[in-house]
Amino acid sequence: MIAKKKGRPPGIKSRRAFEPPRWWTAGLISHLAGAALPKQINTAKNYARAGRVVELNVLPGLVSAKVQGKRKAPYLIRIKFPRPDDCQLRDILTALHEKAIYRCMLLSGEMPRDLGGIFRSAGAPLSMDGFLPLQQMCTCSEPEEICKHILAVLYVAADVFDHDPFALLKLKGLEKKALMEFLCAPIGWRGTFPSSDDASCEEKGHVCPPISAQPERGAHPPAPDTSFYGSPELPGELSRDGVSAEGSIYPVPMSEFPMWRGEVSFVDSVAPYYKAVKNFFSGGDAE
Amino acid sequence: MLILHCVYARRRFFVWGESSFTGRNLRHARREEEDEPYIHLWSAGAAQIAGALSKLGFKCRDAAGCRLELKIPSIGRYPLPSASLLGEIPRTNADIAVMRSWIAEAMPVSVADLLKIRGIFESREGVSGEGLFLERGLMASLDFCYVIECCAFAVSLLKRGRFLPDIRVSGDARYEPVWSPVLMGSDATKYERMIRMMPDVILAQNDPPMRPESVFHDIFEDFADGLVRYSWTQRGPGRAVPVSKIAKAIIENTLISDSPVKEKKRRGKLVNALNPHVLWIRSLGWLGETDGLSQSLESIYGEVREWHERCEWFKHAPFKLIMKFEGGEEDRARWRLKYALRRFAEDDAVSARDVWNGHGAAANRKTGGYMRRYLLFALGKVGAGFSPVRESLDLHAPEECALTHEEAAEFLRDFAPELSDMGIEVEYPAWWRENSWEALTIRGVGYDENASVKWELFLRGVILSDEEKKAILHGDSPLVKIRGEWMFIPPDRLSSLLHRKARLPERVPFGEAVKLAISNPLVDGFDGSPELETVYNALRTCSPLELLDAPSSMNGTLRPYQKRGYSWMSFLSGLGIGACLADDMGLGKTLQTLALVQRHRDTGHVRPVLLVCPTSVIENWRREAERFFPDMRFYIHHGRDRLKDGAFAFQARRSAMVISSYSLLYRDLAHYKGIDWLGVVLDEAQNIKNPDTRQARAARAIKSDWKVALTGTPIENHAGDLWSIMEFLMPGMLGGRRHFADTYVKPPSSSGDSRALEGLKRAVGPFIMRRLKRDPEILPELPEKIQTKVYCGLKREQIKLYARVTNELSRGIGRSSGIKRKGMVLAGLTRMKQICDHPALVEKDDDFGCERSSKMERLLSMAEEMFETGDRALIFTQYVEMGAILKFQLQERFGHEAFFLHGGVAREARDKMVGAFQNGAGPRFFILSLRAGGVGINLTNANHVVMFDRWWNPAVETQAIDRAHRIGQVNNLQVHIFCCKGTLEERIDEMLSSKRALADSVITENDNWLTELSDSELKNLISLSPKALES
């Protein structure tokens, strides 16, 4: 899920210390605070911040991770979480489909506030109790049931859930792609929701390399011809009546940035720019 | 001529330039270092470019500029000039152009500078194949225009909010915050087109070469990013920070933060450097380097890309949300918005119900899924701004939302336009009209013989009743049902109308009533008073109430359209309403005006009319008046020995017309103010287009019963110039100047408010009559050929030179005879004619200034009118040097090549010129030297012929005119024969016209007859009359 970078300590650095948790991870954080001795907690937090967690996978009902401990080989950690059964899942999905606003928000990568309630009334809490691990396992030799490695993984996991609520939904058995498809389904659709334990359905972040003005091999110098100073059609193009907005019918979707972490919401923090531009180019009379 | 170019290199813009050159410039190529390329032979120096840029309105921060190495296609030892009007490179053996490096000086410019230049460009029209003419001697090349167009394109996207925050990876793997433009629909097509059309010269600096796609991507991104940041720095109440300061900071990279003032300190404090999201968004407002952010930005690069992808998906979705405004069937409105989707390029909308249920067009699971996703997304977005829509989203499958009365009004007035901006289609009800309150007007009713009139509010031609008024004023929203129909009328609009109505006078004389109705935009006529209605309608349609006959004392006839123009002016002036006659050149504005003056005389007015015109046409007015109205008493108030005070007043009062010039208008304003004028006429009224000039202020200061403005240029197309002229004609009608400028002549950044301009045109329409020669109703009324003489004076310098030649010649001829005398006479006469043309011809200097010759000035002002109306002209001169001066001046003035055909032009080139001129693509002006051109060329595409100097025999002139006037000539041809009054030109002209009939034998084909005149005849011919001096 998160790639390693060269030239820096490997692992996932938790940024937990800087922001309050989102409502859906608040349960996990408060649960963690009481799960061990304060000293142990601090060590775990330091592990998390230092990037000792070198790998983390979220699967339905399961978080698996590797933590670099004192030994050369990293410890393997598996933490099982409760997940709704098929019956509960159906209730949840039905409720999700109930209001269009839930679908709107989820499709643009936001968490509807009511989601906690929906999960709770289906008997499978999303937050709070939903984070009580059913079973945890670490390959280290420490005697505690919950060792600092497990705690460190949970801190990093909280961080991931904070940023990507879909990771949390996946943990609950609602895999993103299938969920999206379900949300777009027509009314009365009776398909089955694919529950998957397969790690292969994990999505890879697709990164498009931007085009930049690098010299390109194989590009030829401009042929010296009469169009060097401008082609004959250019004056026609230049004397068109401005640039018409006609035909360009789609709005730029300024949806919430899904994993936004500022004090002000994403849309609110970019809005001043848009306002400034609008004011500036419409002669200052717009407001 | 200086042609500015723009080069893009290393993500910066540079302006360089080419200036006109002659063979002399080409002799020596220079270079500074042995191993460097040569300096571009005719490139402009940095100081020259800085000067040109300062003419465009901004100062260059660094006058030294920089040096660029440019790769330019070159032939032999010369780079190819970008436009032929710069000059011609000598022919060389090499005929294939190769790329060679040249050094040119350049000035770096910022995106904000280019934005400013864009404003200047927008006010100019007509990009030609050579570029855009900016002002005398200054042009922008096509590539410069192209860069400015990129800027305009970026601005158009920004205005519509088509930009998103982004992160880009720079060439050296640094992560930088950037605003990236969003291209959708027709924008994407335009983008592709722009890439295809990029002139290579923009890339001339780049080494190694780059692909146009990537360069355009960079240019466009730089504009979008730079302009967002620039507008960000300019935000805030009242834009407290001076622009120059900002611009300075931009160049010096000192302004690194998002607030214009003292931000350097705050940057660290306010931004949580550990939160990359916040850092990203904040840094999008900074100017300057963001090196330190690279690592933080890298950490969120993936997230940003993912978010962008979601946006990409949405923008490529082939659907469009439709919101259908319904309701109002019964009196209890029940307004609602129905949702639907329209598939791109399909007419039928798919209802939200079908989309949710997967029926109809949404039956396909995949397509249906897309549509539902789109609908959800779009509704979510609309819901964020408009709560009724948001509330509907609490339903399982929302199909519509209900609106209260207030919400409905709010939606129609405020929110719907915003939705259209977002690309969402709003289907308005049939009754909805934007600005429907404009249907509310004030009309006068019950005008009676006591001149009392009642002003009433009308709605669509019917008086608005008190109940209806009450319904509007006291309703709970601007949506009201009147006469069974819904209307949108804001109560404050109605109350302001009522207020204004109350201020209208209740008793007005007939003329005043009409004047009020025509000049007050709120008042639209009269009801129930046939007389007033007729007059009002005639005024509105710009037609005379009745066609008048030409004054009986007129020596000649008026053509039908002239009769209409003259009757119309009489009609308006009789009512005391200002009129602007804007006929094309050559349609006889002078004659119509003279007829108007005579008409007022004939109807019993004894007060004089003041006519103000440019100095150069005073003589023409005099001659026309003498020719057509020999009995009219007029007085020319001009020259050093003009009358003063009492003598002036006496003379003025006993004249029908006083002719004077613009310069005297303010100098002798005190004199003019002392006279009780019947009317004031401004010829070439564009002279007062700038309301701040002394002459404009003086023109407004003179009181008279009526006013007339004459102009040959289409003034209604230049909104900025209109105010001053209208203020002269109808003071106060267009409101205050600032208000006018704000409404119609907006800052360049928000052009294109065509509706406001439409309103303006409608408002001034009744006062401007403009006929074109090519109008189908005018054309048949015109003769095929109109020949006019254009009389010019001589400048002081010309007089001095002329007198010297006269003295030498009259001394010389007495002492010599035979061949020697003949030669002396011919040489002397030639020099005199040359002096009349331009002193540079005899002084053999390089100063081609048009202020040295009044013929030249006159020609340029006429050429301006021809240029404005799209006419084409042949200009004949006998002297090759004069041809060169004409070519130079015309090119400097208009930025288009002017052809010049003389003896040195090869046959091939000659045929090319003639071909280009004939097919209409070539230049507007064609200068010919008759002897060199020979006979047999066909130049029928011209509709003006200018004889810049006189030939000694009429046959040659006729032949020249025939060039343009042959079979196939579809235009009417106007022949302008230039003549310097008081000189031998005028005298020869008199001799030619008096002798033409009887003495063809005397005036032979050649000039011999001149040399055979007797001494006294000759002396009489060449002597200079005192009226020759121009001013």
# chains A, B, ... in the order shown; residues from 1 in each chain; ligands from 1

call {"tool": "residues_around", "arguments": {"residues": "Gln68 in chain A", "least_positions_apart": "6", "cutoff": "9 Å", "atoms": "only C-alpha atoms", "output": "ChimeraX atom specification"}}
result
/A:11,47,51-54,74-75,149

call {"tool": "select_by_dssp", "arguments": {"residues": "range 719-833 of chain B", "states": "helix (DSSP H, G or I)", "output": "PyMOL selection string"}}
result
chain B and resi 719-729+737-744+748-750+754-767+779-781+796-815+818-833

call {"tool": "closest_residue", "arguments": {"among": "A:Gly116, A:Gly109, A:Pro165, A:Pro143", "to": "chain B", "atoms": "only C-alpha atoms"}}
result
A:Gly109

call {"tool": "closest_residue", "arguments": {"among": "A:Leu234, A:Ile41, A:Leu168, A:Ala26", "to": "chain B", "atoms": "only C-alpha atoms"}}
result
A:Leu234

call {"tool": "select_by_dssp", "arguments": {"residues": "range 82-168 of chain A", "states": "strand (DSSP E)", "output": "ChimeraX atom specification"}}
result
/A:135-138

call {"tool": "write_last_selection", "arguments": {"atoms": "all heavy atoms", "output": "CSV table (one decimal), in the first residue's frame"}}
result
chain,number,residue,atom,x,y,z
A,135,GLN,N,-8.1,-11.1,18.0
A,135,GLN,CA,-7.0,-12.0,18.2
A,135,GLN,C,-5.8,-11.3,17.6
A,135,GLN,O,-5.9,-10.6,16.5
A,135,GLN,CB,-7.3,-13.3,17.4
A,135,GLN,CG,-6.3,-14.4,17.6
A,135,GLN,CD,-6.5,-15.4,16.6
A,135,GLN,OE1,-7.5,-15.4,15.8
A,135,GLN,NE2,-5.6,-16.4,16.5
A,136,GLN,N,-4.6,-11.3,18.3
A,136,GLN,CA,-3.4,-10.7,17.7
A,136,GLN,C,-2.2,-11.6,17.9
A,136,GLN,O,-2.2,-12.4,18.8
A,136,GLN,CB,-3.2,-9.4,18.4
A,136,GLN,CG,-3.1,-9.3,19.9
A,136,GLN,CD,-4.4,-8.8,20.5
A,136,GLN,OE1,-5.1,-8.0,19.8
A,136,GLN,NE2,-4.8,-9.2,21.6
A,137,MET,N,-1.3,-11.5,17.0
A,137,MET,CA,-0.2,-12.4,17.0
A,137,MET,C,1.0,-11.6,16.5
A,137,MET,O,0.9,-10.9,15.5
A,137,MET,CB,-0.6,-13.6,16.0
A,137,MET,CG,0.4,-14.7,16.0
A,137,MET,SD,1.7,-14.4,14.9
A,137,MET,CE,1.0,-14.7,13.3
A,138,CYS,N,2.2,-11.9,17.2
A,138,CYS,CA,3.4,-11.2,16.8
A,138,CYS,C,4.5,-12.3,16.9
A,138,CYS,O,4.5,-13.1,17.8
A,138,CYS,CB,3.7,-10.0,17.7
A,138,CYS,SG,5.3,-9.2,17.3

call {"tool": "closest_residue", "arguments": {"among": "B:Asn93, B:Asn364, B:Thr22, B:Ser214", "to": "chain A", "atoms": "only C-alpha atoms"}}
result
B:Ser214

call {"tool": "residues_around", "arguments": {"residues": "Glu684 in chain B", "least_positions_apart": "4", "cutoff": "9 Å", "atoms": "only C-alpha atoms", "output": "list in words"}}
result
Val612, Cys613, Pro614, Ile688, Ala709, Leu710, Thr711, Gly712 and Thr713 of chain B

call {"tool": "atom_distance", "arguments": {"atom1": "CA of Tyr561 in chain B", "atom2": "CA of Ile725 in chain B"}}
result
23.8 Å

call {"tool": "residues_around", "arguments": {"residues": "Cys850 in chain B", "least_positions_apart": "4", "cutoff": "10 Å", "atoms": "only C-alpha atoms", "output": "PyMOL selection string"}}
result
chain B and resi 838+854-860+885-886+889

call {"tool": "atom_distance", "arguments": {"atom1": "CA of Ser392 in chain B", "atom2": "CA of Gly123 in chain A"}}
result
28.2 Å

call {"tool": "residues_around", "arguments": {"residues": "Lys55 in chain B", "least_positions_apart": "4", "cutoff": "12 Å", "atoms": "only C-alpha atoms", "output": "number ranges by chain"}}
result
B: 48-51, 59-60, 117, 120, 134-139

call {"tool": "closest_residue", "arguments": {"among": "A:Pro38, A:Glu145, A:Leu106, A:Ala152", "to": "chain B", "atoms": "only C-alpha atoms"}}
result
A:Leu106
